[in-house]
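K.L.:
Below is the file data_26.cif, with mmCIF, C-alpha atoms.
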```
data_run
loop_
_atom_site.label_atom_id
_atom_site.label_comp_id
_atom_site.auth_asym_id
_atom_site.auth_seq_id
_atom_site.Cartn_x
_atom_site.Cartn_y
_atom_site.Cartn_z
CA MET Z 1183 6.44 24.94 -28.46
CA VAL Z 1184 3.08 24.26 -26.86
CA GLY Z 1185 3.95 20.59 -26.46
CA THR Z 1186 7.29 21.48 -24.87
CA ARG Z 1187 5.60 23.75 -22.31
CA ALA Z 1188 3.03 21.07 -21.51
CA ASN Z 1189 5.76 18.46 -21.02
CA SER Z 1190 7.72 20.83 -18.81
CA ARG Z 1191 4.64 21.57 -16.69
CA SER Z 1192 3.89 17.86 -16.36
CA ALA Z 1193 7.46 17.09 -15.28
CA SER Z 1194 7.41 19.92 -12.75
CA ARG Z 1195 4.09 18.73 -11.36
CA GLU Z 1196 5.48 15.21 -10.94
CA ARG Z 1197 8.50 16.64 -9.13
CA VAL Z 1198 6.18 18.46 -6.75
CA LEU Z 1199 4.17 15.28 -6.17
CA GLU Z 1200 7.27 13.20 -5.50
CA CYS Z 1201 8.46 15.65 -2.87
CA ALA Z 1202 4.99 16.01 -1.36
CA GLU Z 1203 4.54 12.24 -1.17
CA ARG Z 1204 7.80 11.77 0.71
CA LEU Z 1205 6.96 14.46 3.25
CA PHE Z 1206 3.33 13.42 3.71
CA MET Z 1207 4.29 9.77 4.21
CA GLU Z 1208 7.11 10.62 6.61
CA ARG Z 1209 5.31 13.20 8.75
CA GLY Z 1210 1.58 12.93 8.09
CA PHE Z 1211 -0.82 15.36 6.47
CA GLN Z 1212 -1.25 17.71 9.41
CA ALA Z 1213 2.45 18.11 10.14
CA VAL Z 1214 3.39 19.13 6.60
CA LYS Z 1215 2.91 22.72 5.42
CA LEU Z 1216 3.06 23.92 1.84
CA ARG Z 1217 6.08 25.96 2.89
CA ASP Z 1218 7.88 22.72 3.80
CA ILE Z 1219 7.30 21.35 0.32
CA ALA Z 1220 8.31 24.62 -1.32
CA ASP Z 1221 11.50 24.82 0.75
CA GLU Z 1222 12.44 21.27 -0.23
CA LEU Z 1223 11.94 22.14 -3.89
CA GLY Z 1224 13.62 25.54 -3.65
CA VAL Z 1225 10.58 27.43 -4.95
CA ARG Z 1226 8.13 30.00 -3.63
CA THR Z 1227 5.10 28.64 -1.78
CA ALA Z 1228 2.76 30.58 -4.08
CA SER Z 1229 4.13 28.70 -7.12
CA LEU Z 1230 2.67 25.42 -5.81
CA TYR Z 1231 -0.84 26.78 -6.39
CA TYR Z 1232 -0.06 26.86 -10.12
CA TYR Z 1233 -0.16 23.06 -10.08
CA PHE Z 1234 -2.64 22.60 -7.24
CA PRO Z 1235 -5.08 25.53 -6.98
CA GLY Z 1236 -6.85 23.75 -4.12
CA GLY Z 1237 -3.74 23.89 -1.99
CA LYS Z 1238 -2.42 21.21 0.34
CA LEU Z 1239 -5.55 19.05 0.38
CA GLU Z 1240 -5.72 18.84 -3.41
CA MET Z 1241 -2.03 17.94 -3.47
CA PHE Z 1242 -2.53 15.27 -0.78
CA LEU Z 1243 -5.40 13.69 -2.71
CA ALA Z 1244 -3.28 13.64 -5.88
CA VAL Z 1245 -0.41 12.04 -3.96
CA LEU Z 1246 -2.67 9.32 -2.59
CA ASP Z 1247 -4.23 8.66 -5.99
CA GLU Z 1248 -0.91 8.21 -7.76
CA ALA Z 1249 0.66 6.26 -4.90
CA MET Z 1250 -2.22 3.79 -4.68
CA ASP Z 1251 -2.19 3.25 -8.46
CA ARG Z 1252 1.54 2.54 -8.23
CA TYR Z 1253 1.10 0.13 -5.34
CA ARG Z 1254 -1.69 -1.82 -6.99
CA THR Z 1255 0.16 -2.12 -10.30
CA GLY Z 1256 3.37 -3.14 -8.55
CA LEU Z 1257 1.72 -5.66 -6.24
CA GLU Z 1258 -0.22 -7.30 -9.04
CA ALA Z 1259 2.90 -7.56 -11.19
CA ALA Z 1260 5.02 -8.97 -8.35
CA ILE Z 1261 2.42 -11.61 -7.46
CA ARG Z 1262 1.82 -12.49 -11.11
CA GLN Z 1263 5.53 -13.08 -11.68
CA ALA Z 1264 5.98 -15.17 -8.52
CA ASN Z 1265 6.12 -18.95 -8.45
CA ALA Z 1266 2.82 -20.72 -7.90
CA GLY Z 1267 1.54 -21.03 -4.34
CA LEU Z 1268 0.52 -18.77 -1.49
CA GLU Z 1269 3.93 -18.66 0.17
CA ALA Z 1270 5.67 -17.49 -3.01
CA GLU Z 1271 2.97 -14.92 -3.76
CA LEU Z 1272 3.05 -13.49 -0.24
CA ASP Z 1273 6.83 -13.35 -0.31
CA ALA Z 1274 6.75 -11.52 -3.67
CA ALA Z 1275 4.23 -9.03 -2.26
CA ALA Z 1276 6.33 -8.53 0.88
CA GLN Z 1277 9.50 -7.89 -1.12
CA PHE Z 1278 7.64 -5.34 -3.24
CA PHE Z 1279 6.49 -3.47 -0.13
CA LEU Z 1280 10.04 -3.49 1.23
CA SER Z 1281 11.29 -2.00 -2.04
CA GLN Z 1282 9.00 1.02 -1.66
CA PRO Z 1283 9.41 4.09 0.57
CA LYS Z 1284 8.08 3.57 4.08
CA ILE Z 1285 4.42 4.47 4.48
CA ASP Z 1286 2.52 4.40 7.76
CA PHE Z 1287 -0.73 3.03 6.36
CA PHE Z 1288 -2.38 2.79 9.75
CA ARG Z 1289 -1.61 6.41 10.67
CA MET Z 1290 -3.13 7.43 7.36
CA LEU Z 1291 -6.30 5.51 8.10
CA GLU Z 1292 -6.47 6.74 11.69
CA SER Z 1293 -5.73 10.43 11.26
CA ASP Z 1294 -4.82 11.62 7.76
CA LEU Z 1295 -8.11 10.58 6.22
CA ASP Z 1296 -9.96 12.59 8.86
CA GLN Z 1297 -8.69 15.70 7.10
CA ILE Z 1298 -10.71 14.80 4.00
CA SER Z 1299 -14.38 15.63 3.66
CA PRO Z 1300 -16.72 12.71 4.42
CA GLU Z 1301 -17.96 12.49 0.82
CA LYS Z 1302 -14.40 12.05 -0.47
CA ARG Z 1303 -13.08 10.03 2.45
CA GLY Z 1304 -15.01 6.90 1.56
CA ALA Z 1305 -13.71 6.87 -2.00
CA VAL Z 1306 -10.12 7.37 -0.85
CA ALA Z 1307 -10.39 4.63 1.79
CA MET Z 1308 -11.90 2.25 -0.77
CA LYS Z 1309 -9.08 2.93 -3.23
CA MET Z 1310 -6.50 2.28 -0.51
CA HIS Z 1311 -8.26 -0.96 0.36
CA ARG Z 1312 -8.43 -2.16 -3.24
CA SER Z 1313 -4.86 -1.14 -4.02
CA LEU Z 1314 -3.12 -2.45 -0.90
CA GLN Z 1315 -5.30 -5.32 0.28
CA GLY Z 1316 -7.04 -6.33 -2.95
CA PRO Z 1317 -4.10 -8.16 -4.59
CA ILE Z 1318 -3.30 -9.91 -1.29
CA MET Z 1319 -6.91 -10.96 -0.78
CA ASP Z 1320 -6.94 -12.43 -4.29
CA ALA Z 1321 -3.85 -14.49 -3.41
CA PHE Z 1322 -5.61 -15.95 -0.36
CA ARG Z 1323 -8.72 -16.73 -2.40
CA ARG Z 1324 -6.68 -18.53 -5.05
CA ALA Z 1325 -4.91 -20.56 -2.39
CA PHE Z 1326 -8.06 -21.54 -0.53
CA PRO Z 1327 -10.92 -21.58 -3.03
CA VAL Z 1328 -14.40 -22.44 -1.84
CA GLN Z 1329 -15.82 -25.35 -3.79
CA PRO Z 1330 -19.58 -25.60 -4.41
CA GLY Z 1331 -21.12 -28.09 -2.05
CA ASP Z 1332 -18.16 -28.09 0.32
CA ALA Z 1333 -20.05 -27.49 3.56
CA ARG Z 1334 -16.91 -27.46 5.70
CA ALA Z 1335 -15.16 -24.92 3.47
CA GLN Z 1336 -18.27 -22.80 3.26
CA SER Z 1337 -18.59 -22.72 7.03
CA GLU Z 1338 -14.89 -21.99 7.71
CA PHE Z 1339 -13.82 -19.86 4.77
CA PRO Z 1340 -16.77 -18.79 2.62
CA ARG Z 1341 -16.02 -16.37 -0.15
CA ASP Z 1342 -18.43 -13.73 1.15
CA THR Z 1343 -16.94 -13.49 4.66
CA PRO Z 1344 -14.26 -10.99 5.68
CA MET Z 1345 -11.67 -13.72 6.28
CA PRO Z 1346 -9.47 -12.90 3.23
CA GLU Z 1347 -9.65 -9.25 4.26
CA LEU Z 1348 -8.57 -10.19 7.78
CA PHE Z 1349 -5.65 -12.23 6.47
CA ALA Z 1350 -4.60 -9.46 4.08
CA GLY Z 1351 -4.77 -6.84 6.82
CA SER Z 1352 -2.71 -9.02 9.16
CA PHE Z 1353 -0.13 -9.61 6.43
CA LEU Z 1354 0.16 -5.88 5.75
CA ALA Z 1355 0.58 -5.15 9.46
CA ILE Z 1356 3.41 -7.69 9.69
CA VAL Z 1357 5.20 -6.39 6.60
CA GLN Z 1358 4.81 -2.76 7.65
CA GLY Z 1359 6.25 -3.61 11.07
CA ILE Z 1360 9.27 -5.23 9.44
CA HIS Z 1361 9.73 -2.32 7.02
CA HIS Z 1362 9.73 0.22 9.87
CA LEU Z 1363 12.35 -1.55 11.98
CA ARG Z 1364 15.21 0.84 12.62
CA SER Z 1365 18.46 0.08 10.85
CA ASP Z 1366 20.40 0.40 14.12
CA PHE Z 1367 18.41 -2.39 15.79
CA ASP Z 1368 20.31 -5.62 16.37
CA ILE Z 1369 18.35 -7.73 13.87
CA PRO Z 1370 19.87 -11.19 13.26
CA VAL Z 1371 18.54 -11.44 9.68
CA THR Z 1372 17.79 -9.02 6.86
CA LYS Z 1373 14.34 -7.50 6.54
CA ALA Z 1374 13.88 -9.39 3.26
CA ARG Z 1375 14.68 -12.68 4.98
CA MET Z 1376 12.40 -11.85 7.88
CA ALA Z 1377 9.54 -11.11 5.48
CA SER Z 1378 10.13 -14.41 3.67
CA GLN Z 1379 10.03 -16.31 6.95
CA MET Z 1380 6.81 -14.62 8.02
CA SER Z 1381 5.22 -15.39 4.64
CA ARG Z 1382 6.11 -19.04 5.08
CA ILE Z 1383 4.78 -19.13 8.65
CA LEU Z 1384 1.50 -17.47 7.65
CA ALA Z 1385 0.95 -19.84 4.71
CA ALA Z 1386 1.75 -22.88 6.86
CA GLY Z 1387 -0.54 -21.69 9.64
CA LEU Z 1388 -3.44 -21.26 7.24
CA ARG Z 1389 -2.89 -24.71 5.77
CA ALA Z 1390 -3.02 -26.20 9.25
CA THR Z 1391 -6.05 -24.13 10.30
CA ILE Z 1392 -8.16 -24.51 7.19
CA GLY Z 1393 -7.00 -28.00 6.30
CA LYS Z 1394 -6.33 -27.29 2.64
CA ARG Z 1395 -3.10 -27.05 0.73
CA PRO Z 1396 -2.57 -24.00 -1.47
CA ASP Z 1397 -2.54 -24.68 -5.18
#
```
Starting from the coordinates I provided, produce the structure as structure tokens.
P.N.:
Amino acid sequence: MVGTRANSRSASRERVLECAERLFMERGFQAVKLRDIADELGVRTASLYYYFPGGKLEMFLAVLDEAMDRYRTGLEAAIRQANAGLEAELDAAAQFFLSQPKIDFFRMLESDLDQISPEKRGAVAMKMHRSLQGPIMDAFRRAFPVQPGDARAQSEFPRDTPMPELFAGSFLAIVQGIHHLRSDFDIPVTKARMASQMSRILAAGLRATIGKRPD
């Protein structure tokens, strides 16, 4: 009986988090009220405090934590299962992003994180960075490794510079832009095809710029 109650509470909590994630990602932290989440779930607002005594902020932090874990696991799996080479890995990552609900990552970084206390904000931002950009940065590093003694590579793409981070951020911006295109726009190709083309263009541009071929 105790186990059944615990399982029921866990399932109910996950249902709350799923609803909260959708609303937070669609509207932003400030625009969403606990009443909005309760109305969507068909429950009383006070019942949400049973799962999240700290209220909306505690719920938002739990949403971010679970979402970032899901993104990192999914990205790493997609890239791992892709064919060898930067283009294939970027395409796999892009298709994974397109398969997920739309998230305005840049709005979150610009405004939503400001609602979190400074001592917690850094940890949340770091987790977002590691979960969203980390797997992409690793793909760039595998494609363009820095060899010891390679002065040209060390001057143009050293491992301790922010270049992989810049590439990963640019890639995410492109994919997010594609994902957020309205369905009623007159787009000549599918979003999946557009993402594949952009992955190919980015990989080719880096080969030409850095002068190395991805493994």
K.L.:
Select, from Z:Leu1384, Z:Ile1298, Z:Met1345, Z:Ala1260, the residue with the minimum atom-to-atom distance to Ser1281 in chain Z, counting all atoms listed in the file.
P.N.:
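The answer is Z:Ala1260, which sits nearest to Ser1281 in chain Z.
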K.L.:
Apply the PyMOL selection byres ((chain Z and resi 1318) around 9) to the file shown and report the selected residues as a ChimeraX atom specification.
P.N.:
/Z:1257-1258,1261,1271-1272,1275,1314-1317,1319-1323,1346-1347,1349-1351,1353-1354
K.L.:
Can you translate the PyMOL selection byres ((chain Z and resi 1377-1382) around 8) into the concrete residues it hits in this file, as a list in words?
P.N.:
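This file gives the following for the PyMOL selection byres ((chain Z and resi 1377-1382) around 8): Glu1269, Ala1270, Leu1272, Asp1273, Ala1276, Gln1277, Ile1356, Val1357, Ile1360, Lys1373, Ala1374, Arg1375, Met1376, Ile1383, Leu1384, Ala1385 and Ala1386 of chain Z.
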K.L.:
When distances are computed from all atoms listed in the file, which of Z:Asp1218, Z:Asp1286, Z:Asp1294, Z:Glu1203 shows the smallest separation from Ala1249 in chain Z?
P.N.:
Z:Glu1203
K.L.:
Please compute the CA of Lys1238 in chain Z-CA of Pro1300 in chain Z distance, one decimal, in Å.
P.N.:
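These two atoms are separated by 17.1 Å.
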K.L.:
Carefully work through the PyMOL selection byres ((chain Z and resi 1199) around 9) for this structure and note down the residues it includes, as a PyMOL selection string.
P.N.:
chain Z and resi 1194-1198+1200-1204+1241-1242+1244-1245+1248
K.L.:
What separation in Å, quoted to one decimal, exists between CA of Ala1220 in chain Z and CA of Leu1295 in chain Z?
P.N.:
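Those two atoms sit 22.9 Å apart.
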K.L.:
Which value, in Å to one decimal, gives the distance between CA of Val1306 in chain Z and CA of Pro1327 in chain Z?
P.N.:
29.0 Å
K.L.:
For each of Z:Met1250, Z:Ala1259, Z:Ala1390, Z:Ala1266, take the minimum atom-to-atom distance to His1311 in chain Z, counting only C-alpha atoms, then give the residue where this is smallest.
P.N.:
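Looking only at the distances to His1311 in chain Z, the closest residue turns out to be Z:Met1250.
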K.L.:
For range 1324-1328 of chain Z, I'd like the enclosing box, axis-aligned and padded by 5 Å on every side, reported as JSON with centre and edge lengths in Å to one decimal.
P.N.:
```
{"center_x": -9.7, "center_y": -20.5, "center_z": -2.8, "size_x": 19.5, "size_y": 13.9, "size_z": 14.5}
```
K.L.:
Give me the residues near Thr1227 in chain Z as a list in words, where near means some atom within 8 Å (using all atoms listed in the file) and where sequence neighbours in that chain fewer than 5 positions away do not count.
P.N.:
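Near neighbours after the sequence-gap exclusion: Leu1216, Arg1217, Ile1219, Ala1220 and Asp1221 of chain Z.
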K.L.:
Measuring between all atoms listed in the file, which one of Z:Leu1268, Z:Thr1372, Z:Asp1247, Z:Ser1192 shows the shortest distance to Gly1387 in chain Z?
P.N.:
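That would be Z:Leu1268, the residue with the smallest distance to Gly1387 in chain Z.
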